[in-house]
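Shown next: work.cif, given as mmCIF, C-alpha atoms and all ligand atoms.
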data_coords
#
loop_
_atom_site.label_atom_id
_atom_site.label_comp_id
_atom_site.auth_asym_id
_atom_site.auth_seq_id
_atom_site.Cartn_x
_atom_site.Cartn_y
_atom_site.Cartn_z
CA MET A 1 -67.66 -48.55 66.71
CA ILE A 2 -66.07 -47.74 63.44
CA LYS A 3 -66.76 -50.34 60.92
CA LYS A 4 -63.52 -51.31 59.33
CA ILE A 5 -63.55 -52.26 55.75
CA PHE A 6 -60.45 -54.09 54.82
CA ALA A 7 -59.18 -53.92 51.34
CA VAL A 8 -58.86 -57.38 50.04
CA ILE A 9 -56.66 -58.41 47.23
CA PHE A 10 -56.58 -61.97 46.19
CA PHE A 11 -55.38 -64.22 43.49
CA CYS A 12 -54.85 -67.87 43.11
CA LEU A 13 -51.76 -69.53 41.84
CA LEU A 14 -52.21 -72.99 40.53
CA PHE A 15 -49.33 -75.08 41.75
CA THR A 16 -49.45 -78.76 41.36
CA SER A 17 -52.41 -80.97 40.81
CA ALA A 18 -52.17 -84.27 42.58
CA VAL A 19 -54.45 -87.13 41.79
CA TRP A 20 -56.12 -88.48 44.91
CA ALA A 21 -57.91 -91.68 45.44
CA ASP A 22 -61.61 -91.31 44.74
CA THR A 23 -62.36 -90.96 48.43
CA VAL A 24 -61.11 -87.51 49.21
CA GLU A 25 -62.98 -86.74 52.41
CA ARG A 26 -60.98 -88.93 54.66
CA TYR A 27 -62.62 -88.04 57.95
CA GLN A 28 -65.91 -86.92 59.29
CA GLY A 29 -66.31 -84.19 61.82
CA LYS A 30 -69.23 -84.12 64.23
CA SER A 31 -70.52 -81.09 66.05
CA GLN A 32 -73.55 -80.01 68.05
CA LEU A 33 -75.44 -77.08 66.56
CA ASP A 34 -78.25 -76.21 68.92
CA ASP A 35 -79.78 -79.62 69.58
CA ASN A 36 -78.73 -81.17 66.31
CA THR A 37 -75.69 -83.30 65.69
CA VAL A 38 -74.15 -82.21 62.44
CA TYR A 39 -71.72 -84.28 60.44
CA PHE A 40 -69.40 -82.78 57.91
CA ASP A 41 -66.34 -83.68 55.91
CA LEU A 42 -62.79 -82.73 56.61
CA PHE A 43 -59.42 -84.06 55.73
CA ASN A 44 -56.05 -84.04 57.27
CA PHE A 45 -53.12 -83.22 55.07
CA ARG A 46 -49.58 -83.03 56.42
CA GLY A 47 -50.89 -82.86 59.95
CA THR A 48 -53.25 -79.95 59.31
CA ASN A 49 -57.03 -80.17 59.40
CA TYR A 50 -58.78 -78.74 56.38
CA PHE A 51 -62.49 -77.93 56.47
CA SER A 52 -64.71 -76.90 53.65
CA LEU A 53 -65.55 -73.22 53.88
CA ARG A 54 -69.25 -74.01 53.86
CA ASP A 55 -68.88 -76.28 56.88
CA ILE A 56 -66.89 -73.69 58.78
CA ALA A 57 -69.54 -71.12 57.87
CA ALA A 58 -72.30 -73.36 59.21
CA LEU A 59 -70.42 -73.88 62.45
CA LEU A 60 -69.69 -70.20 62.98
CA ASN A 61 -73.12 -68.97 61.95
CA ASN A 62 -74.82 -71.29 64.41
CA SER A 63 -72.46 -70.89 67.33
CA GLU A 64 -72.20 -68.62 70.33
CA GLY A 65 -70.31 -65.43 69.60
CA SER A 66 -70.66 -62.82 66.92
CA PHE A 67 -69.26 -64.62 63.97
CA SER A 68 -70.72 -64.93 60.56
CA MET A 69 -69.72 -66.07 57.15
CA GLU A 70 -71.70 -65.42 54.02
CA TYR A 71 -71.30 -66.13 50.38
CA ASP A 72 -71.25 -63.46 47.77
CA ASN A 73 -72.14 -65.54 44.77
CA GLU A 74 -71.90 -62.63 42.38
CA ASN A 75 -68.24 -62.10 43.15
CA ASN A 76 -67.43 -65.70 44.01
CA ALA A 77 -66.29 -64.49 47.39
CA VAL A 78 -66.81 -65.31 51.00
CA ILE A 79 -67.36 -62.61 53.61
CA ILE A 80 -66.20 -63.28 57.14
CA ASN A 81 -67.30 -61.06 60.01
CA ARG A 82 -66.60 -60.88 63.67
CA ASN A 83 -68.68 -58.50 65.78
CA GLU A 84 -69.88 -57.02 62.49
CA GLU A 85 -66.74 -55.01 62.30
CA TYR A 86 -63.81 -57.24 62.42
CA VAL A 87 -62.80 -58.61 59.13
CA SER A 88 -64.05 -58.94 55.65
CA THR A 89 -62.29 -61.16 53.26
CA GLY A 90 -62.89 -62.40 49.79
CA THR A 91 -61.58 -65.04 47.58
CA GLU A 92 -61.77 -66.45 44.16
CA PHE A 93 -60.95 -70.08 43.92
CA LYS A 94 -59.57 -71.87 40.96
CA LYS A 95 -62.18 -74.36 39.95
CA SER A 96 -61.47 -77.78 38.63
CA ILE A 97 -63.73 -78.29 35.67
CA GLY A 98 -64.28 -81.37 33.63
CA LYS A 99 -61.89 -83.55 35.57
CA LYS A 100 -62.82 -87.20 35.71
CA LYS A 101 -60.52 -87.98 38.58
CA THR A 102 -60.44 -86.16 41.83
CA LYS A 103 -57.95 -83.37 41.75
CA ARG A 104 -56.52 -81.52 44.62
CA GLU A 105 -55.62 -78.08 43.43
CA SER A 106 -53.36 -76.04 45.57
CA CYS A 107 -54.01 -72.30 45.64
CA ILE A 108 -52.52 -69.44 47.55
CA LEU A 109 -55.13 -67.06 48.88
CA ASN A 110 -53.70 -63.66 49.69
CA VAL A 111 -55.68 -61.61 52.16
CA LYS A 112 -54.54 -58.05 52.69
CA SER A 113 -55.81 -55.74 55.34
CA GLU A 114 -54.62 -52.52 56.92
CA ASN A 115 -52.43 -54.24 59.45
CA THR A 116 -51.98 -57.80 58.42
CA ASP A 117 -51.12 -59.86 55.42
CA PHE A 118 -52.09 -63.48 55.29
CA ALA A 119 -50.95 -65.91 52.64
CA LEU A 120 -53.14 -68.93 53.07
CA LYS A 121 -52.81 -72.23 51.34
CA THR A 122 -56.16 -73.56 50.23
CA TYR A 123 -57.29 -76.54 48.26
CA ASN A 124 -60.05 -77.13 45.83
CA ILE A 125 -61.28 -80.70 45.93
CA ASN A 126 -64.19 -81.84 43.84
CA ASN A 127 -65.20 -78.20 43.44
CA ARG A 128 -65.35 -77.61 47.16
CA ASN A 129 -63.05 -75.09 48.76
CA TYR A 130 -61.06 -76.26 51.73
CA ILE A 131 -59.11 -74.13 54.14
CA ALA A 132 -56.93 -74.97 57.11
CA LEU A 133 -58.74 -74.57 60.38
CA ARG A 134 -55.73 -72.79 61.85
CA ASP A 135 -55.89 -70.17 59.08
CA ILE A 136 -59.54 -69.39 59.72
CA CYS A 137 -58.65 -69.12 63.38
CA GLN A 138 -55.87 -66.70 62.58
CA ILE A 139 -58.19 -64.45 60.57
CA LEU A 140 -60.87 -64.44 63.25
CA GLU A 141 -58.49 -64.41 66.22
CA LEU A 142 -59.89 -67.66 67.48
CA ASN A 143 -58.02 -70.21 69.53
CA THR A 144 -58.19 -73.97 69.39
CA LYS A 145 -57.76 -76.72 71.93
CA TRP A 146 -57.11 -80.28 70.89
CA ASP A 147 -58.00 -83.20 73.14
CA ALA A 148 -56.16 -86.25 71.80
CA ASN A 149 -58.16 -88.71 73.84
CA THR A 150 -61.58 -87.67 72.63
CA LYS A 151 -60.19 -86.38 69.32
CA THR A 152 -62.06 -83.16 69.85
CA ILE A 153 -61.12 -79.71 68.65
CA THR A 154 -62.62 -76.86 70.67
CA LEU A 155 -62.78 -73.40 69.11
CA TRP A 156 -62.76 -70.59 71.66
CA TYR A 157 -62.15 -66.87 71.92
CA TYR A 158 -61.85 -64.10 74.46
CA ASP A 159 -65.17 -62.31 74.67
CA ASP A 160 -65.62 -58.58 75.40
CA MET A 161 -65.13 -59.23 79.11
CA GLY A 162 -61.89 -61.10 78.48
CA GLU A 163 -63.47 -64.43 79.38
CA GLU A 164 -62.51 -67.57 77.54
CA THR A 165 -65.64 -68.60 75.66
CA ASP A 166 -66.09 -71.81 73.74
CA ILE A 167 -67.67 -71.54 70.32
CA CYS A 168 -68.05 -75.16 69.38
CA ASN A 169 -66.57 -78.61 69.71
CA ILE A 170 -65.65 -80.59 66.65
CA THR A 171 -65.09 -84.29 67.15
CA VAL A 172 -62.92 -85.89 64.53
CA LEU A 173 -64.30 -89.31 63.68
CA PRO A 174 -62.24 -92.15 62.23
CA PRO A 175 -61.88 -92.38 58.48
CA VAL A 176 -65.03 -93.53 56.79
CA ILE A 177 -63.46 -95.28 53.85
CA VAL A 178 -63.76 -98.71 55.44
CA ASP A 179 -66.35 -101.00 53.89
CA LYS A 180 -67.81 -102.77 56.91
CA SER A 181 -69.32 -105.48 54.73
CA LYS A 182 -65.91 -106.68 53.54
CA PRO A 183 -63.32 -108.56 55.63
CA MET A 184 -60.35 -106.55 56.86
CA VAL A 185 -57.06 -106.94 58.68
CA ALA A 186 -54.63 -104.55 60.35
CA LEU A 187 -50.94 -104.98 59.64
CA THR A 188 -48.90 -103.53 62.50
CA PHE A 189 -45.18 -102.85 62.56
CA ASP A 190 -43.35 -102.36 65.84
CA ASP A 191 -40.05 -100.88 67.03
CA GLY A 192 -39.27 -98.62 64.04
CA PRO A 193 -39.06 -96.51 62.07
CA SER A 194 -35.91 -97.79 60.40
CA VAL A 195 -34.22 -97.75 57.01
CA ASN A 196 -36.66 -100.51 55.97
CA THR A 197 -39.88 -98.62 56.76
CA GLY A 198 -39.79 -96.76 53.43
CA ARG A 199 -39.92 -100.00 51.46
CA ILE A 200 -42.98 -101.12 53.41
CA LEU A 201 -44.63 -97.77 52.71
CA ASP A 202 -43.74 -98.15 49.02
CA THR A 203 -45.57 -101.48 48.91
CA LEU A 204 -48.59 -100.11 50.77
CA GLU A 205 -48.72 -97.12 48.44
CA LYS A 206 -48.53 -99.36 45.37
CA TYR A 207 -51.60 -101.32 46.49
CA ASN A 208 -53.43 -98.40 48.09
CA GLY A 209 -53.18 -100.05 51.51
CA VAL A 210 -52.52 -98.70 54.98
CA ALA A 211 -50.96 -100.05 58.18
CA THR A 212 -50.13 -99.00 61.72
CA PHE A 213 -46.58 -98.28 62.88
CA PHE A 214 -45.94 -98.54 66.61
CA VAL A 215 -42.84 -96.42 66.94
CA THR A 216 -40.33 -96.16 69.74
CA GLY A 217 -39.16 -92.73 70.81
CA TYR A 218 -35.50 -93.24 70.10
CA ASN A 219 -36.22 -94.29 66.49
CA ALA A 220 -39.05 -91.81 65.95
CA SER A 221 -36.74 -88.93 66.86
CA LYS A 222 -34.33 -90.00 64.11
CA TYR A 223 -36.93 -90.57 61.36
CA GLY A 224 -39.14 -87.48 61.28
CA ASP A 225 -39.49 -87.66 57.49
CA THR A 226 -40.70 -91.24 57.75
CA LEU A 227 -43.25 -90.27 60.40
CA ARG A 228 -44.59 -87.55 58.13
CA ARG A 229 -44.78 -89.95 55.23
CA ILE A 230 -46.77 -92.44 57.32
CA VAL A 231 -49.31 -89.74 58.17
CA ASP A 232 -49.38 -88.25 54.67
CA GLU A 233 -50.16 -91.63 53.16
CA GLU A 234 -53.06 -92.23 55.55
CA SER A 235 -51.38 -94.88 57.65
CA GLN A 236 -51.37 -94.58 61.42
CA ILE A 237 -48.65 -94.04 64.03
CA GLY A 238 -49.02 -95.82 67.35
CA ASN A 239 -46.99 -95.28 70.50
CA HIS A 240 -44.56 -98.07 71.47
CA THR A 241 -42.98 -96.04 74.31
CA TYR A 242 -39.71 -94.14 74.32
CA GLY A 243 -37.15 -96.71 75.38
CA HIS A 244 -38.88 -100.07 74.85
CA LEU A 245 -38.65 -100.96 78.53
CA ARG A 246 -40.81 -103.52 80.27
CA LEU A 247 -43.52 -101.26 81.69
CA THR A 248 -44.49 -103.73 84.44
CA SER A 249 -41.21 -102.96 86.22
CA LEU A 250 -41.58 -99.16 86.12
CA SER A 251 -43.13 -96.59 88.47
CA ALA A 252 -46.23 -94.60 87.55
CA GLY A 253 -44.15 -91.55 86.66
CA GLU A 254 -41.76 -93.61 84.55
CA ILE A 255 -44.61 -95.26 82.64
CA GLN A 256 -46.21 -91.89 81.91
CA SER A 257 -42.89 -90.41 80.83
CA GLN A 258 -42.22 -93.36 78.50
CA VAL A 259 -45.56 -92.76 76.79
CA ASN A 260 -45.69 -88.97 76.86
CA ARG A 261 -42.28 -88.45 75.32
CA VAL A 262 -43.35 -90.38 72.23
CA GLN A 263 -46.62 -88.44 72.04
CA GLU A 264 -44.63 -85.21 71.83
CA ILE A 265 -42.03 -86.50 69.36
CA VAL A 266 -44.72 -87.73 66.98
CA ALA A 267 -46.86 -84.62 67.35
CA SER A 268 -43.98 -82.25 66.76
CA ALA A 269 -43.01 -84.15 63.60
CA THR A 270 -46.50 -84.68 62.18
CA GLY A 271 -49.00 -82.51 64.06
CA VAL A 272 -50.89 -85.66 65.03
CA TYR A 273 -50.87 -87.36 68.43
CA PRO A 274 -50.97 -91.16 68.53
CA THR A 275 -54.26 -92.54 69.80
CA VAL A 276 -53.11 -96.01 70.75
CA VAL A 277 -50.26 -97.53 72.79
CA ARG A 278 -48.71 -100.95 72.41
CA PRO A 279 -46.65 -101.92 75.48
CA PRO A 280 -43.16 -103.31 74.71
CA TYR A 281 -43.09 -107.14 74.75
CA GLY A 282 -46.88 -106.99 74.99
CA SER A 283 -46.25 -106.77 78.72
CA TYR A 284 -48.81 -105.07 80.97
CA ASN A 285 -50.78 -105.38 84.18
CA ASP A 286 -53.53 -103.40 85.89
CA PHE A 287 -51.02 -100.85 87.20
CA VAL A 288 -49.68 -100.21 83.69
CA LYS A 289 -53.23 -99.90 82.33
CA ALA A 290 -54.15 -97.44 85.05
CA ASN A 291 -51.22 -95.21 84.16
CA ILE A 292 -51.75 -95.03 80.42
CA ASN A 293 -54.59 -92.77 79.46
CA LEU A 294 -54.88 -94.00 75.89
CA ARG A 295 -56.29 -97.03 74.15
CA MET A 296 -53.93 -100.03 74.46
CA LEU A 297 -53.55 -102.81 71.94
CA ASN A 298 -51.49 -105.96 71.44
CA TRP A 299 -52.15 -108.40 68.54
CA ASN A 300 -53.66 -111.80 67.80
CA VAL A 301 -51.27 -113.01 65.08
CA ASP A 302 -47.56 -113.06 65.92
CA THR A 303 -45.44 -113.69 62.82
CA LEU A 304 -42.23 -114.08 64.86
CA ASP A 305 -40.50 -112.20 62.04
CA TRP A 306 -37.90 -110.88 64.48
CA LYS A 307 -36.89 -114.45 65.34
CA THR A 308 -36.99 -116.22 61.99
CA ARG A 309 -35.79 -113.30 59.84
CA ASN A 310 -37.31 -115.31 57.04
CA ALA A 311 -39.63 -113.67 54.52
CA GLN A 312 -41.30 -116.92 53.48
CA SER A 313 -42.20 -118.00 57.01
CA THR A 314 -43.49 -114.51 57.85
CA TYR A 315 -45.61 -114.58 54.70
CA GLU A 316 -47.01 -118.02 55.51
CA GLU A 317 -47.88 -117.10 59.08
CA VAL A 318 -49.92 -114.13 57.88
CA ILE A 319 -51.66 -115.89 54.99
CA ASN A 320 -52.31 -119.24 56.70
CA THR A 321 -54.03 -117.54 59.64
CA LEU A 322 -55.84 -114.91 57.55
CA SER A 323 -59.19 -114.09 59.12
CA ASP A 324 -61.47 -111.08 59.35
CA GLY A 325 -60.36 -108.66 62.07
CA ASN A 326 -56.84 -110.00 62.55
CA VAL A 327 -54.27 -107.70 64.13
CA ILE A 328 -50.93 -108.91 62.78
CA LEU A 329 -47.59 -108.23 64.49
CA MET A 330 -44.46 -107.59 62.45
CA HIS A 331 -41.40 -105.39 62.86
CA ASP A 332 -40.24 -102.82 60.33
CA LEU A 333 -36.64 -103.14 61.51
CA TYR A 334 -35.82 -106.04 59.22
CA SER A 335 -35.26 -106.19 55.46
CA GLN A 336 -36.74 -109.71 55.46
CA THR A 337 -39.99 -108.28 56.85
CA ALA A 338 -40.06 -105.70 54.06
CA ASP A 339 -39.50 -108.59 51.60
CA ALA A 340 -42.41 -110.48 53.16
CA VAL A 341 -44.67 -107.41 52.95
CA ASP A 342 -44.00 -107.27 49.19
CA LYS A 343 -45.82 -110.60 48.91
CA ILE A 344 -48.27 -110.27 51.81
CA VAL A 345 -50.00 -107.09 50.71
CA PRO A 346 -51.02 -108.16 47.19
CA GLU A 347 -52.07 -111.61 48.43
CA ILE A 348 -54.29 -110.20 51.17
CA ILE A 349 -55.96 -107.84 48.71
CA ASN A 350 -56.26 -110.66 46.18
CA ARG A 351 -58.23 -112.62 48.77
CA GLY A 352 -60.78 -109.85 49.07
CA TYR A 353 -59.58 -108.25 52.30
CA GLN A 354 -59.14 -104.57 53.06
CA LEU A 355 -55.99 -103.33 54.74
CA VAL A 356 -56.95 -100.93 57.50
CA THR A 357 -55.36 -99.03 60.37
CA VAL A 358 -56.15 -100.07 63.93
CA ASP A 359 -58.34 -96.97 64.38
CA GLN A 360 -60.28 -97.96 61.28
CA LEU A 361 -60.59 -101.52 62.56
CA ILE A 362 -61.93 -100.27 65.89
CA TYR A 363 -64.31 -97.97 64.05
CA ALA A 364 -65.59 -100.89 61.97
CA LYS A 365 -65.67 -103.61 64.65
CA GLY A 366 -65.93 -101.99 68.07
CA THR A 367 -63.62 -104.01 70.32
CA ILE A 368 -60.91 -105.73 68.31
CA LYS A 369 -58.58 -108.70 68.67
CA GLY A 370 -55.62 -108.04 70.95
CA GLN A 371 -57.23 -104.98 72.51
CA ILE A 372 -56.10 -104.39 76.11
CA LYS A 373 -58.21 -101.35 76.90
NI NI B 1 -41.46 -103.98 70.48
#
Output the structure of this file as structure tokens.
Ligand code: NI
Amino acid sequence: MIKKIFAVIFFCLLFTSAVWADTVERYQGKSQLDDNTVYFDLFNFRGTNYFSLRDIAALLNNSEGSFSMEYDNENNAVIINRNEEYVSTGTEFKKSIGKKKTKRESCILNVKSENTDFALKTYNINNRNYIALRDICQILELNTKWDANTKTITLWYYDDMGEETDICNITVLPPVIVDKSKPMVALTFDDGPSVNTGRILDTLEKYNGVATFFVTGYNASKYGDTLRRIVDEESQIGNHTYGHLRLTSLSAGEIQSQVNRVQEIVASATGVYPTVVRPPYGSYNDFVKANINLRMLNWNVDTLDWKTRNAQSTYEEVINTLSDGNVILMHDLYSQTADAVDKIVPEIINRGYQLVTVDQLIYAKGTIKGQIK
């Protein structure tokens, strides 16, 4: 075969530098390389998974298939090969030097070849170069499969015989920023998004906290920007079904449709599928459980915010019952709930608690309060 050498032209444009919290690597990935389980860092930004180039290289170099990735230290470049003849690409990344705080530097990496031009967005974080998994896949003509239940990404390609061949599985683990030695609670907000969700997110952002938003389909479809903001700011979106119907009175097909429609609405807005369902009215039975193929969760503290519409009583219910592992039910439909959150969040943090998402709580505790399955 003729070895193709692609001309590569690259340059980086420094766009904006955003200050991140000190913990940049928000997730861990886990993969099997031969008999070893390998953990590595990745982060999700705007619904896209970014991996460090070195981690991708390790995965490819140790996997089935003729892929390799090497570093050319002299030229500060990375060389990517497929079947020793496919593609060669290089890059020079803008380095962040002498920064005390973590900086995320956005660069455009231009890769030019005979037939294709790629303009890839990359990030430099703490002097490590991150690239979107989908961009690497585009260069190498790899495909990905995402299994939302096991949170596993499978990389695969068509081999010389045209067979679908898996390269590796990457399991995305929950965020690792939770300190298991400190008490924690999960604030959960049902039935939105609404015009009041932004204020709750403002408060969470101010205090570097996160929460979980169990959205209904009819509101989620109207508030795509809010969904993206929830994901961007590291909070979690849960599935509260499309039409907020009592699932115990529905058929199997209707239950599945109620859940699946929300999965698709959220994924098309954010790139992320919800991992947990909260049934409307907290109402479920064995039939409902059998027809929902996701984790299900209710709560253990009910603020009754929807009934009282009173910020002070919502605040008192949360604070007076405060205990490690609480899953607290509120509704982001009401301005009085947003008022309560203004006081709740700083007080919880003041008392030494961490605010976590339900996935983080499950990661830290195993089975949690209010868990159905
Ligand atoms: Ni509800």
Q) So which residues fall inside 12 Å of (-41.4, -102.1, 80.9) if we count all atoms listed in the file? Mind giving them as an MDAnalysis selection string? A) chainID A and resid 240:252 254:259 278:285 287:288
Q. Taking (-59.7, -112.0, 61.2) in the file's coordinates, which residues come within 10 Å, counting only C-alpha atoms, written as a ChimeraX atom specification?
A. /A:183-186,300-301,321-328,353,368-369
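In this comparison, which uses all atoms listed in the file, the residue of A:Tyr157, A:Tyr273, A:Tyr218, A:Tyr207 approaching A:Gln236 most closely is A:Tyr273.
Closest approach to ligand NI 1 (chain B) among A:Gly271, A:Gly238, A:Gly224, A:Gly162 is made by A:Gly238 (distances from only C-alpha atoms and all ligand atoms).
For the pair atom CA of A:Lys151 and atom CA of A:Ala267, the separation is 13.6 Å.
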Q) Which one is closest to ligand NI 1 (chain B): A:Tyr363, A:Tyr223, A:Phe213, A:Tyr315? Count only C-alpha atoms and all ligand atoms. A) A:Phe213
Q) Just how far from atom CA of A:Ala220 is atom CA of A:Pro193, in Å to one decimal? A) 6.1 Å
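Closest approach to ligand NI 1 (chain B) among A:Val215, A:Val210, A:Ala311, A:Ala290: A:Val215, based on all atoms listed in the file.
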Q. What does the distance from atom CA of A:Ile136 to atom CA of A:Leu227 come to in Å, to one decimal?
A. 26.5 Å
Q. Residues at most 10 Å from A:Thr226, counting all atoms listed in the file, excluding those fewer than 3 positions away in the same chain, as a PyMOL selection string?
A. chain A and resi 192-195+197-198+201+220+222-223+229-232+269-270
